[in-house]
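Student: Quick one: structure below, then a few questions.
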Amino acid sequence: MTPLLSIEGLTIRAGARPLISDLALTVEPGQRLGLIGESGSGKSLTALAAIGLLPRGLAAGGSVRLSGTDVLPAGDRVLSRLRGAVAATVFQEPLTALDPLMRVGRQVGEVVRRQAGRDGRRIEVGREVRGLLEQVALEEPDRIASAFPHQISGGQRQRVAIAMALACRPQLLIADEPTTALDVTTQAAVLKLLDGLVRDRGMALLFISHDLPVVAGVVDDVVVMRQGRTVESGPVARVFGAPEADYTRDLVAAARAFDAGIEAAA
Amino acid sequence: MTPVAEAGPSRPDRPSLTLAAGLLLVGLHVLVALLTLVWTPYDPTALAGMRLEPPSLLHWAGTDRLGRDFFTAIMIGSRIALLVGLGAIAIGGAIGVILGLLAAFAQRFADDALAAALDILIAFPTLLIAMLVVAASGASLGSSVLALGIALSAVVARLTRILAKRVLVMDFITAARTSGATWPAIVVEHVLPNIWPTLAINFALQFGIAVVAEASLSYLGLGAPPPNASWGSLLQEAQGTVYTAPIAAIAPGLALVSLVIGVNLLADGLRDVVDPTRRAAR
């Protein structure tokens, strides 16, 4: 079977400075892969590279295959067909991920309409939007749909962003720190939602985070990155249970110390 | 959210006095301009009285040095001014927005070249560019509108470029790209709506600038010939008789000032109306 996402020997440079060096990872259909590392380790850049959206001025080498198509040399015409259909993305900051001047319902509707046009389906946009907002467990979907992004809460905005990703009916969901900008209780709720949606729809998941316990809760396999390089990879239980690399060991120890601190305080 | 937006969420709740005053002044000029299409107090070309009569009940702004009713000329001036403003904005806006969007998408060398070209164009005074165009195409209302439109397009293009660039780096653009939207769709769905509030206000301000610039062109003798005289031409004519008949200089000046102030007030008031993030949260 063709992997949904297959990255081999990916190297990205800004001028002479390497941002990502020789990265390799594969996401099979239905697989849940976590990408973990500190800020600046190249996680988000990897997510952008995966869908052919590298910022201008960066030079990329190696290969990134999305459902078998090499995205690095591909043009917009090819890519806009792959994006959404194969992979959709949820970003870290829910406020800037929504157009501030467009009502929520219309924003979700635009995606719905675009995907329906692509698939040649005839649909009732309003009903589809409402259904999507219900699927991401938003109460009062009608009120949310007629609100502007600044009129709803951060957690609600992130749910809307997830609804927009779902509207693409992707085979792979790329979640780039989807809970980092949320408070802890909202984080847990959004994670549970993502977990359930991915399971129900049989989607593959590329989950990017710096937060080790969060990653461990939702994925099967994990790749640990540091300064643009893969430090260690494998099944979650093995990597976090018996880390081989020093950096992974530090991460695990830090997370344990943090938990212990909380328990001691309680 | 910016501190500015947080400081004034309650302001747009009551009807804006600025907007009302702007609408009143501009509306008055629009009404007068429409009225002149069907009726004027006197025939603008006919000799309606003695030469240089002072204001009276028959001639509200007196008569000019040929004896034509001056209030009629002022009223027709409203129509000319509005046509000039709208025409210049239509031309300047269309050229400017298209150029600005192209510049926003241009990369590396093309971006630098376009930005430099716009900066050089803006460094030339609007009036100077307009004079060049008029000198090349002959003095008429059409050529001064075209000239002002071209001169204003550089300002609009630079603003559009900066605004569009700022929108293009936002996450929601990347999000739209990841869901498979093409660039033309993104421009129509996201970029234009996001830069529109600022552009609209700028258009209103440029409208005022265009009206003043046309008055200056006319004052220099490069504007529309009579009987479609603009306020600038009236001012120029009044120059010789400013001590004997000051009303001929004061009246077109007041008309010009009231329209430009009105447009600026309108621009200010519009800002709160066109930007939904400035409306109160529910």
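Scheme for the structure tokens: letters A, B, ... for chains in order shown; per-chain residue numbers from 1; ligand numbers from 1 in order shown.
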Mind running chain A against chain B at 7 Å and telling me each contacting residue's nearest atom pair with the distance in Å (one decimal), counting only C-alpha atoms, chain and number ascending, as a tab-separated table?
Tutor:
residue	atom	partner	partner_atom	distance
A:Ile51	CA	B:Thr178	CA	6.9
A:Ser80	CA	B:Gly180	CA	4.2
A:Arg81	CA	B:Gly180	CA	6.1
A:Arg83	CA	B:Gly180	CA	4.8
A:Gly84	CA	B:Ser179	CA	4.1
A:Ala88	CA	B:Thr178	CA	5.8
A:Thr89	CA	B:Thr178	CA	6.4
A:Thr96	CA	B:Asp171	CA	5.4
A:Ala97	CA	B:Phe172	CA	4.1
A:Leu98	CA	B:Phe172	CA	5.1
A:Asp99	CA	B:Phe172	CA	5.8
A:Leu101	CA	B:Asn194	CA	6.4
A:Val111	CA	B:Ser179	CA	6.9
A:Gln151	CA	B:Ala281	CA	5.5
A:Cys168	CA	B:Ser179	CA	6.3
Student: Among stretch 49-205 of chain A, which residues does DSSP mark as helix (DSSP H, G or I) when it is run on the backbone? Keep the chain and numbering as in the structure and answer as a ChimeraX atom specification.
Tutor: /A:49-50,76-82,104-119,125-135,141-145,149-151,154-167,184-201
Student: Export C-alpha atoms of the chosen residues as a PDB file, in the first residue's frame?
Tutor:
ATOM      1  CA  ALA A  49       6.800  20.833   3.773  1.00  0.00           C
ATOM      2  CA  ALA A  50       4.455  17.844   3.891  1.00  0.00           C
ATOM      3  CA  ASP A  76       0.176  24.676  -7.476  1.00  0.00           C
ATOM      4  CA  ARG A  77      -2.216  23.014  -9.894  1.00  0.00           C
ATOM      5  CA  VAL A  78      -1.214  19.541  -8.746  1.00  0.00           C
ATOM      6  CA  LEU A  79      -0.870  20.518  -5.110  1.00  0.00           C
ATOM      7  CA  SER A  80      -4.221  22.261  -4.688  1.00  0.00           C
ATOM      8  CA  ARG A  81      -5.857  18.983  -5.707  1.00  0.00           C
ATOM      9  CA  LEU A  82      -3.829  16.966  -3.189  1.00  0.00           C
ATOM     10  CA  VAL A 104     -17.747  31.356  11.013  1.00  0.00           C
ATOM     11  CA  GLY A 105     -20.508  29.676   9.035  1.00  0.00           C
ATOM     12  CA  ARG A 106     -19.336  31.229   5.781  1.00  0.00           C
ATOM     13  CA  GLN A 107     -15.717  30.229   6.400  1.00  0.00           C
ATOM     14  CA  VAL A 108     -16.627  26.613   6.963  1.00  0.00           C
ATOM     15  CA  GLY A 109     -19.038  26.891   4.034  1.00  0.00           C
ATOM     16  CA  GLU A 110     -16.278  28.037   1.659  1.00  0.00           C
ATOM     17  CA  VAL A 111     -14.309  24.868   2.378  1.00  0.00           C
ATOM     18  CA  VAL A 112     -17.412  22.704   2.088  1.00  0.00           C
ATOM     19  CA  ARG A 113     -18.307  24.282  -1.259  1.00  0.00           C
ATOM     20  CA  ARG A 114     -14.757  23.922  -2.586  1.00  0.00           C
ATOM     21  CA  GLN A 115     -14.547  20.251  -1.654  1.00  0.00           C
ATOM     22  CA  ALA A 116     -18.002  19.508  -3.023  1.00  0.00           C
ATOM     23  CA  GLY A 117     -17.022  21.178  -6.290  1.00  0.00           C
ATOM     24  CA  ARG A 118     -13.869  19.085  -6.413  1.00  0.00           C
ATOM     25  CA  ASP A 119     -15.682  15.832  -5.761  1.00  0.00           C
ATOM     26  CA  VAL A 125     -23.938  23.917   2.155  1.00  0.00           C
ATOM     27  CA  GLY A 126     -25.841  25.252   5.164  1.00  0.00           C
ATOM     28  CA  ARG A 127     -26.844  21.798   6.377  1.00  0.00           C
ATOM     29  CA  GLU A 128     -23.352  20.417   5.825  1.00  0.00           C
ATOM     30  CA  VAL A 129     -21.838  23.294   7.839  1.00  0.00           C
ATOM     31  CA  ARG A 130     -24.275  22.737  10.678  1.00  0.00           C
ATOM     32  CA  GLY A 131     -23.476  19.029  10.667  1.00  0.00           C
ATOM     33  CA  LEU A 132     -19.739  19.724  10.832  1.00  0.00           C
ATOM     34  CA  LEU A 133     -20.153  22.169  13.723  1.00  0.00           C
ATOM     35  CA  GLU A 134     -22.176  19.513  15.557  1.00  0.00           C
ATOM     36  CA  GLN A 135     -19.523  16.887  14.896  1.00  0.00           C
ATOM     37  CA  PRO A 141     -24.074  25.647  16.183  1.00  0.00           C
ATOM     38  CA  ASP A 142     -26.426  28.258  14.713  1.00  0.00           C
ATOM     39  CA  ARG A 143     -25.179  31.012  16.998  1.00  0.00           C
ATOM     40  CA  ILE A 144     -21.534  30.041  16.331  1.00  0.00           C
ATOM     41  CA  ALA A 145     -22.143  29.962  12.578  1.00  0.00           C
ATOM     42  CA  PRO A 149     -14.237  34.660  15.130  1.00  0.00           C
ATOM     43  CA  HIS A 150     -13.549  37.321  17.778  1.00  0.00           C
ATOM     44  CA  GLN A 151     -16.985  36.746  19.253  1.00  0.00           C
ATOM     45  CA  GLY A 154     -10.437  30.127  21.895  1.00  0.00           C
ATOM     46  CA  GLY A 155     -11.618  26.553  22.403  1.00  0.00           C
ATOM     47  CA  GLN A 156     -14.615  27.172  20.144  1.00  0.00           C
ATOM     48  CA  ARG A 157     -12.353  28.694  17.490  1.00  0.00           C
ATOM     49  CA  GLN A 158     -10.100  25.634  17.547  1.00  0.00           C
ATOM     50  CA  ARG A 159     -13.158  23.401  17.157  1.00  0.00           C
ATOM     51  CA  VAL A 160     -14.200  25.492  14.153  1.00  0.00           C
ATOM     52  CA  ALA A 161     -10.700  25.085  12.691  1.00  0.00           C
ATOM     53  CA  ILE A 162     -11.019  21.320  13.167  1.00  0.00           C
ATOM     54  CA  ALA A 163     -14.435  21.406  11.480  1.00  0.00           C
ATOM     55  CA  MET A 164     -12.837  23.190   8.513  1.00  0.00           C
ATOM     56  CA  ALA A 165     -10.157  20.497   8.291  1.00  0.00           C
ATOM     57  CA  LEU A 166     -12.842  17.788   8.487  1.00  0.00           C
ATOM     58  CA  ALA A 167     -14.820  19.496   5.734  1.00  0.00           C
ATOM     59  CA  VAL A 184      -5.552  23.005  30.250  1.00  0.00           C
ATOM     60  CA  THR A 185      -9.189  21.939  30.615  1.00  0.00           C
ATOM     61  CA  THR A 186     -10.023  23.049  27.060  1.00  0.00           C
ATOM     62  CA  GLN A 187      -6.885  21.218  25.898  1.00  0.00           C
ATOM     63  CA  ALA A 188      -8.168  17.945  27.301  1.00  0.00           C
ATOM     64  CA  ALA A 189     -11.580  18.392  25.668  1.00  0.00           C
ATOM     65  CA  VAL A 190     -10.121  19.263  22.246  1.00  0.00           C
ATOM     66  CA  LEU A 191      -7.689  16.299  22.442  1.00  0.00           C
ATOM     67  CA  LYS A 192     -10.527  13.934  23.259  1.00  0.00           C
ATOM     68  CA  LEU A 193     -12.499  15.335  20.335  1.00  0.00           C
ATOM     69  CA  LEU A 194      -9.582  14.912  17.906  1.00  0.00           C
ATOM     70  CA  ASP A 195      -8.933  11.403  19.184  1.00  0.00           C
ATOM     71  CA  GLY A 196     -12.571  10.389  18.653  1.00  0.00           C
ATOM     72  CA  LEU A 197     -12.854  12.011  15.206  1.00  0.00           C
ATOM     73  CA  VAL A 198      -9.678  10.363  13.936  1.00  0.00           C
ATOM     74  CA  ARG A 199     -10.881   6.974  15.201  1.00  0.00           C
ATOM     75  CA  ASP A 200     -14.430   7.316  13.838  1.00  0.00           C
ATOM     76  CA  ARG A 201     -13.304   8.390  10.398  1.00  0.00           C
TER      77      ARG A 201
END
Student: A:Ser39: which residues within 12 Å, counting only C-alpha atoms, same-chain residues fewer than 3 positions away excluded, as a PyMOL selection string?
Tutor: chain A and resi 35-36+42-45+177+180+208-211+225-228
Student: Save the residues we just selected, N, CA and C atoms, as a compact mmCIF listing (two decimals), in the first residue's frame?
Tutor:
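Printed below is selection_1.txt as written:
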# COMPACT_ATOMS: atom_id res chain seq x y z
N LEU A 35 5.03 13.81 16.30
CA LEU A 35 6.31 14.45 15.99
C LEU A 35 6.58 15.37 17.17
N ILE A 36 7.62 15.04 17.93
CA ILE A 36 7.84 15.78 19.16
C ILE A 36 9.22 16.42 19.15
N GLY A 42 12.09 22.28 14.11
CA GLY A 42 11.72 22.03 12.72
C GLY A 42 10.43 21.26 12.56
N LYS A 43 9.65 21.14 13.64
CA LYS A 43 8.40 20.37 13.58
C LYS A 43 7.40 21.00 12.62
N SER A 44 7.14 22.32 12.85
CA SER A 44 6.12 22.99 12.04
C SER A 44 6.54 23.09 10.58
N LEU A 45 7.86 23.28 10.38
CA LEU A 45 8.38 23.35 9.02
C LEU A 45 8.14 22.03 8.30
N GLU A 177 0.52 21.44 16.84
CA GLU A 177 0.31 22.00 18.18
C GLU A 177 -1.14 22.48 18.36
N THR A 180 -1.88 23.83 22.03
CA THR A 180 -0.89 24.59 22.79
C THR A 180 -1.42 25.95 23.25
N ILE A 208 1.72 17.03 15.94
CA ILE A 208 2.96 17.73 16.24
C ILE A 208 2.83 18.45 17.56
N SER A 209 3.76 18.24 18.47
CA SER A 209 3.67 18.90 19.77
C SER A 209 5.03 18.91 20.46
N HIS A 210 5.15 19.83 21.42
CA HIS A 210 6.35 19.79 22.26
C HIS A 210 6.00 19.12 23.58
N ASP A 211 4.73 18.78 23.74
CA ASP A 211 4.22 18.34 25.03
C ASP A 211 4.15 16.81 25.05
N MET A 225 12.41 14.93 17.46
CA MET A 225 13.30 15.78 16.66
C MET A 225 14.05 16.75 17.56
N ARG A 226 15.29 17.05 17.15
CA ARG A 226 16.02 18.10 17.85
C ARG A 226 16.92 18.81 16.85
N GLN A 227 16.83 20.11 16.79
CA GLN A 227 17.63 20.92 15.89
C GLN A 227 17.61 20.38 14.47
N GLY A 228 16.40 20.02 14.02
CA GLY A 228 16.23 19.62 12.63
C GLY A 228 16.65 18.19 12.34
Student: With a distance cut-off of 10 Å and only C-alpha atoms, select the neighbouring residues of B:Pro55, excluding the residue or stretch itself and same-chain residues fewer than 4 positions from it, and output the selection as a list in words.
Tutor: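 What passes the distance filter is His59, Trp60, Ala61, Gly62, Thr63, Asp69, Phe70, Phe71, Ala245, Ile247 and Ala248 of chain B.
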Student: Residues within 10 Å of B:Asp64, please, as a VMD selection string. Count only C-alpha atoms; anything in the same chain fewer than 6 positions from it doesn't count.
Tutor: chain B and resid 47 to 54 70 to 71 73 234 237 to 238 241 245 247 to 248
Student: DSSP on the backbone: what in stretch 32-178 of chain A comes out strand (DSSP E), as a list in words?
Tutor: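 Across stretch 32-178 of chain A, those assigned strand (DSSP E) are Arg32, Leu33, Gly34, Leu35, Ile36, Gly37, Ala59, Ala60, Gly61, Gly62, Ser63, Val64, Arg65, Leu66, Thr69, Asp70, Ala87, Ala88, Thr89, Val90, Leu172, Leu173, Ile174, Ala175 and Asp176 of chain A.
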Student: What's the 9 Å shell around A:Leu58, counting only C-alpha atoms, without same-chain residues fewer than 6 positions away, as a list in words?
Tutor: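 Final neighbour list, sorted by chain and number: Ile12, Arg13, Ala14 and Gly15 of chain A.
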Student: Neighbours of A:Leu5 within 8 Å (only C-alpha atoms; same-chain residues fewer than 4 positions away dropped), as a short mmCIF file (atom, residue, chain, number, x, y, z; two decimals) with C-alpha atoms, in the first residue's frame?
Tutor:
data_model
loop_
_atom_site.label_atom_id
_atom_site.label_comp_id
_atom_site.auth_asym_id
_atom_site.auth_seq_id
_atom_site.Cartn_x
_atom_site.Cartn_y
_atom_site.Cartn_z
CA LEU A 25 9.21 9.60 8.38
CA THR A 26 6.26 7.65 7.02
CA VAL A 27 2.56 7.77 7.80
CA GLU A 28 0.52 4.79 6.57
CA ALA A 50 4.45 17.84 3.89
CA VAL A 64 8.26 14.43 0.28
CA ARG A 65 5.59 12.16 -1.16
CA LEU A 66 1.95 12.82 -0.44
CA SER A 67 -0.04 9.78 -1.51
CA GLY A 68 2.73 8.93 -3.97
#
